[in-house]
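A.B. asks: There's a structure below that I have some questions on.
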Amino acid sequence: MIKNIINSKYTNLETLLDTFYQNKPFPHIVLDNFLSQEFFSIISLTKSEIEKENTGKKFSSDLERNKWVSKNTNLPNNLKILINFLNSDEWILNLSKLSKIENIFSTKVGNTRLANYHEMKNDGYLGPHVDHSDDPDTGHPHVLNLLLYLSSEWDDNWGGSTLLFDKYGKKIINEVKYKPNRAIIFLHTPYSFH
């Protein structure tokens, strides 16, 4: 049984509050080695199980090309453990301390309308966008995002960066390069183009 899912240095994100709000173009923080090394190794193995699945939804448009999302169906157990932890009261309180947003809560775990796991295939592309504005079940506003890079091997020539744009979604202000086990947490607003 895994005792530590995330790296112990991220159990108190309140220490990063100033950095979070000072980062441009909108509040965000980049956390390297986000998962404990033991759990990241297990999740990397889990990824090969997902690749065999044909469930979920595929995208092939000008805005989203060669992208696949899980729709939270048939996910391996270790990925479910991670998702459940990131939706736990303990982690949500940590996010509240980072953002100083009170009374935040997670989207219902296991929903099939929002996907927790996204995968870009070869030559994949996802254009500048702002995510959903509210929870589809409750209507409560969506206020924070957490992106986590799970592929254990990466070559910068493959791309994979997360680009943070100006409030119009036109100009790149910041680039967060892909790095295995890197997480990005950012404030979600109508102008959080990424």
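Identifiers for the structure tokens are assigned positionally: chains receive A, B, ... in sequence, residues are indexed from 1 per chain, and ligands are indexed from 1 in the order shown.
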Which stretch 75-128 of chain A residues have any atom within 12 Å of an atom of stretch 159-176 of chain A, and for each, what is the nearest pair of atoms with distance in Å to one decimal, counting only C-alpha atoms, rows sorted by chain and number, as a tab-separated table?
C.D. replies:
```
residue	atom	partner	partner_atom	distance
A:Glu119	CA	A:Gly160	CA	10.6
A:Met120	CA	A:Gly160	CA	8.5
A:Lys121	CA	A:Gly160	CA	10.5
A:Asn122	CA	A:Gly159	CA	10.3
A:Asp123	CA	A:Gly159	CA	9.3
A:Gly124	CA	A:Gly160	CA	8.9
A:Tyr125	CA	A:Gly160	CA	8.9
A:Leu126	CA	A:Thr162	CA	9.7
A:Gly127	CA	A:Gly169	CA	9.4
A:Pro128	CA	A:Gly169	CA	5.9
```
A.B. asks: Would you save the residues from that selection as a PDB file, in the first residue's frame, using N, CA and C atoms?
C.D. replies:
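After the write, part-v5.pdb holds the following:
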```pdb
ATOM      1  N   GLU A 119      -5.342  12.473 -22.899  1.00  0.00           N
ATOM      2  CA  GLU A 119      -4.116  11.980 -23.525  1.00  0.00           C
ATOM      3  C   GLU A 119      -4.014  12.529 -24.946  1.00  0.00           C
ATOM      4  N   MET A 120      -2.830  13.063 -25.255  1.00  0.00           N
ATOM      5  CA  MET A 120      -2.563  13.530 -26.610  1.00  0.00           C
ATOM      6  C   MET A 120      -1.775  12.445 -27.333  1.00  0.00           C
ATOM      7  N   LYS A 121      -2.241  12.070 -28.499  1.00  0.00           N
ATOM      8  CA  LYS A 121      -1.551  11.072 -29.315  1.00  0.00           C
ATOM      9  C   LYS A 121      -0.512  11.772 -30.195  1.00  0.00           C
ATOM     10  N   ASN A 122       0.211  11.004 -31.020  1.00  0.00           N
ATOM     11  CA  ASN A 122       1.205  11.584 -31.932  1.00  0.00           C
ATOM     12  C   ASN A 122       0.572  12.663 -32.782  1.00  0.00           C
ATOM     13  N   ASP A 123       1.276  13.767 -32.944  1.00  0.00           N
ATOM     14  CA  ASP A 123       0.815  14.909 -33.729  1.00  0.00           C
ATOM     15  C   ASP A 123      -0.447  15.529 -33.130  1.00  0.00           C
ATOM     16  N   GLY A 124      -0.643  15.343 -31.829  1.00  0.00           N
ATOM     17  CA  GLY A 124      -1.809  15.910 -31.159  1.00  0.00           C
ATOM     18  C   GLY A 124      -1.712  17.415 -31.020  1.00  0.00           C
ATOM     19  N   TYR A 125      -2.851  18.060 -30.960  1.00  0.00           N
ATOM     20  CA  TYR A 125      -2.896  19.514 -30.835  1.00  0.00           C
ATOM     21  C   TYR A 125      -4.147  19.897 -30.061  1.00  0.00           C
ATOM     22  N   LEU A 126      -3.985  20.832 -29.151  1.00  0.00           N
ATOM     23  CA  LEU A 126      -5.112  21.423 -28.436  1.00  0.00           C
ATOM     24  C   LEU A 126      -4.905  22.925 -28.453  1.00  0.00           C
ATOM     25  N   GLY A 127      -5.783  23.629 -29.139  1.00  0.00           N
ATOM     26  CA  GLY A 127      -5.643  25.075 -29.301  1.00  0.00           C
ATOM     27  C   GLY A 127      -5.993  25.845 -28.041  1.00  0.00           C
ATOM     28  N   PRO A 128      -5.720  27.160 -28.060  1.00  0.00           N
ATOM     29  CA  PRO A 128      -6.033  27.999 -26.902  1.00  0.00           C
ATOM     30  C   PRO A 128      -7.517  27.912 -26.562  1.00  0.00           C
TER      31      PRO A 128
END
```
A.B. asks: Can you list, as a list in words, every protein, DNA or RNA residue that comes within 9 Å of A:Thr189 when you count only C-alpha atoms, leaving out same-chain residues fewer than 6 positions away?
C.D. replies: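 Returned residues: Phe26, Val130, Asp131, Ser133, His142, Val143 and Leu144 of chain A.
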A.B. asks: Convert the current residue selection to file output with C-alpha atoms, as a PDB file, in the first residue's frame.
C.D. replies:
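The file below, selection11.pdb, is the result:
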```pdb
ATOM      1  CA  PHE A  26      -2.959  34.620 -14.420  1.00  0.00           C
ATOM      2  CA  VAL A 130     -10.829  28.255 -21.496  1.00  0.00           C
ATOM      3  CA  ASP A 131     -12.280  25.225 -19.730  1.00  0.00           C
ATOM      4  CA  SER A 133     -17.225  27.611 -16.501  1.00  0.00           C
ATOM      5  CA  HIS A 142     -15.129  26.225 -11.713  1.00  0.00           C
ATOM      6  CA  VAL A 143     -12.264  28.044  -9.940  1.00  0.00           C
ATOM      7  CA  LEU A 144      -9.053  25.952 -10.101  1.00  0.00           C
TER       8      LEU A 144
END
```
A.B. asks: As a ChimeraX atom specification, please: every residue in stretch 9-171 of chain A that DSSP puts in alpha helix (DSSP H).
C.D. replies: /A:17-22,37-51,77-86,89-99
A.B. asks: Name the residues of stretch 4-188 of chain A that fall into strand (DSSP E or B) according to DSSP on the backbone, using the chain letters and numbers of this document, as a count of residues only.
C.D. replies: 46
A.B. asks: Tell me which of A:Ser44, A:Ser70, A:Asn33, A:Ser106 sits closest to A:Phe85, counting only C-alpha atoms.
C.D. replies: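 Going through A:Ser44, A:Ser70, A:Asn33, A:Ser106 one by one, the smallest distance to A:Phe85 is for A:Ser106.
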A.B. asks: Using only C-alpha atoms, which of the listed residues (A:Ser152, A:Asn157, A:Ser99, A:Asn66) sits closest to A:Glu14?
C.D. replies: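 Ranking A:Ser152, A:Asn157, A:Ser99, A:Asn66 by distance to A:Glu14, first place goes to A:Ser99.
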A.B. asks: Using only C-alpha atoms, determine which residues lie at most 10 Å from A:Asn94, disregarding the query and same-chain residues fewer than 3 positions distant; provide the list as an NGL selection string.
C.D. replies: :A and (10-14 or 88-91 or 97-100)
A.B. asks: Just to be explicit: take each residue in the selection above, keep N, CA, C and O atoms, and write the result as a CSV table (one decimal), in the first residue's frame.
C.D. replies:
```csv
chain,number,residue,atom,x,y,z
A,10,TYR,N,4.7,19.3,-0.8
A,10,TYR,CA,3.5,20.0,-1.3
A,10,TYR,C,2.3,19.8,-0.4
A,10,TYR,O,1.2,20.0,-0.8
A,11,THR,N,2.5,19.4,0.9
A,11,THR,CA,1.4,19.2,1.8
A,11,THR,C,0.9,20.5,2.4
A,11,THR,O,-0.2,20.5,3.0
A,12,ASN,N,1.7,21.6,2.2
A,12,ASN,CA,1.2,22.9,2.7
A,12,ASN,C,1.5,23.9,1.6
A,12,ASN,O,2.6,24.6,1.5
A,13,LEU,N,0.6,24.1,0.7
A,13,LEU,CA,0.7,25.0,-0.5
A,13,LEU,C,0.6,26.4,-0.1
A,13,LEU,O,0.9,27.3,-0.9
A,14,GLU,N,0.1,26.7,1.1
A,14,GLU,CA,0.0,28.1,1.6
A,14,GLU,C,1.3,28.9,1.5
A,14,GLU,O,1.3,30.1,1.3
A,88,SER,N,-10.0,14.7,-2.3
A,88,SER,CA,-10.2,14.6,-0.8
A,88,SER,C,-10.3,15.9,-0.1
A,88,SER,O,-9.8,16.9,-0.6
A,89,ASP,N,-10.9,15.9,1.1
A,89,ASP,CA,-11.0,17.1,1.9
A,89,ASP,C,-9.7,17.6,2.2
A,89,ASP,O,-9.5,18.9,2.2
A,90,GLU,N,-8.7,16.8,2.5
A,90,GLU,CA,-7.3,17.2,2.8
A,90,GLU,C,-6.7,18.0,1.7
A,90,GLU,O,-6.1,19.1,1.9
A,91,TRP,N,-6.8,17.5,0.4
A,91,TRP,CA,-6.2,18.2,-0.7
A,91,TRP,C,-7.0,19.5,-1.0
A,91,TRP,O,-6.4,20.5,-1.3
A,97,LYS,N,-6.0,26.9,0.8
A,97,LYS,CA,-4.9,27.7,1.4
A,97,LYS,C,-4.0,28.4,0.4
A,97,LYS,O,-3.6,29.5,0.6
A,98,LEU,N,-3.8,27.7,-0.7
A,98,LEU,CA,-3.0,28.2,-1.8
A,98,LEU,C,-3.7,29.4,-2.5
A,98,LEU,O,-3.0,30.4,-2.8
A,99,SER,N,-5.0,29.3,-2.7
A,99,SER,CA,-5.7,30.3,-3.5
A,99,SER,C,-6.4,31.3,-2.6
A,99,SER,O,-6.8,32.4,-3.1
A,100,LYS,N,-6.6,31.0,-1.3
A,100,LYS,CA,-7.4,31.9,-0.4
A,100,LYS,C,-8.8,32.0,-0.9
A,100,LYS,O,-9.5,33.0,-0.6
```
A.B. asks: Nearest to A:Lys24 among A:Leu148, A:Leu187, A:Ile92, A:Ile42, with distances taken over only C-alpha atoms: which residue is it?
C.D. replies: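 The closest residue to A:Lys24 is A:Leu187.
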A.B. asks: Can you tell me, as a list in words, what residues are no more than 7 Å from A:Asn7 when counting only C-alpha atoms, ignoring any on the same chain fewer than 6 positions away?
C.D. replies: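 Those residues are Asn33, Phe34, Leu35 and Ser36 of chain A.
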A.B. asks: Report the distance between atom CA of A:Phe105 and atom CA of A:Tyr21 in Å, rounded to one decimal place.
C.D. replies: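 Taking atom CA of A:Phe105 as the start and atom CA of A:Tyr21 as the end point, the length is 20.1 Å.
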A.B. asks: Just the number, please: distance in Å from atom CA of A:Phe20 to atom CA of A:Ile43, one decimal.
C.D. replies: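 Result for atom CA of A:Phe20 versus atom CA of A:Ile43: 26.6 Å, one decimal.
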A.B. asks: Just the number, please: distance in Å from atom CA of A:Pro141 to atom CA of A:Leu75, one decimal.
C.D. replies: 26.0 Å
A.B. asks: Which residue gives the smallest distance to A:Lys58 among A:Pro76, A:Leu146, A:His118, A:Ser151, with only C-alpha atoms counted?
C.D. replies: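 Of A:Pro76, A:Leu146, A:His118, A:Ser151, the one nearest A:Lys58 is A:His118, counting only C-alpha atoms.
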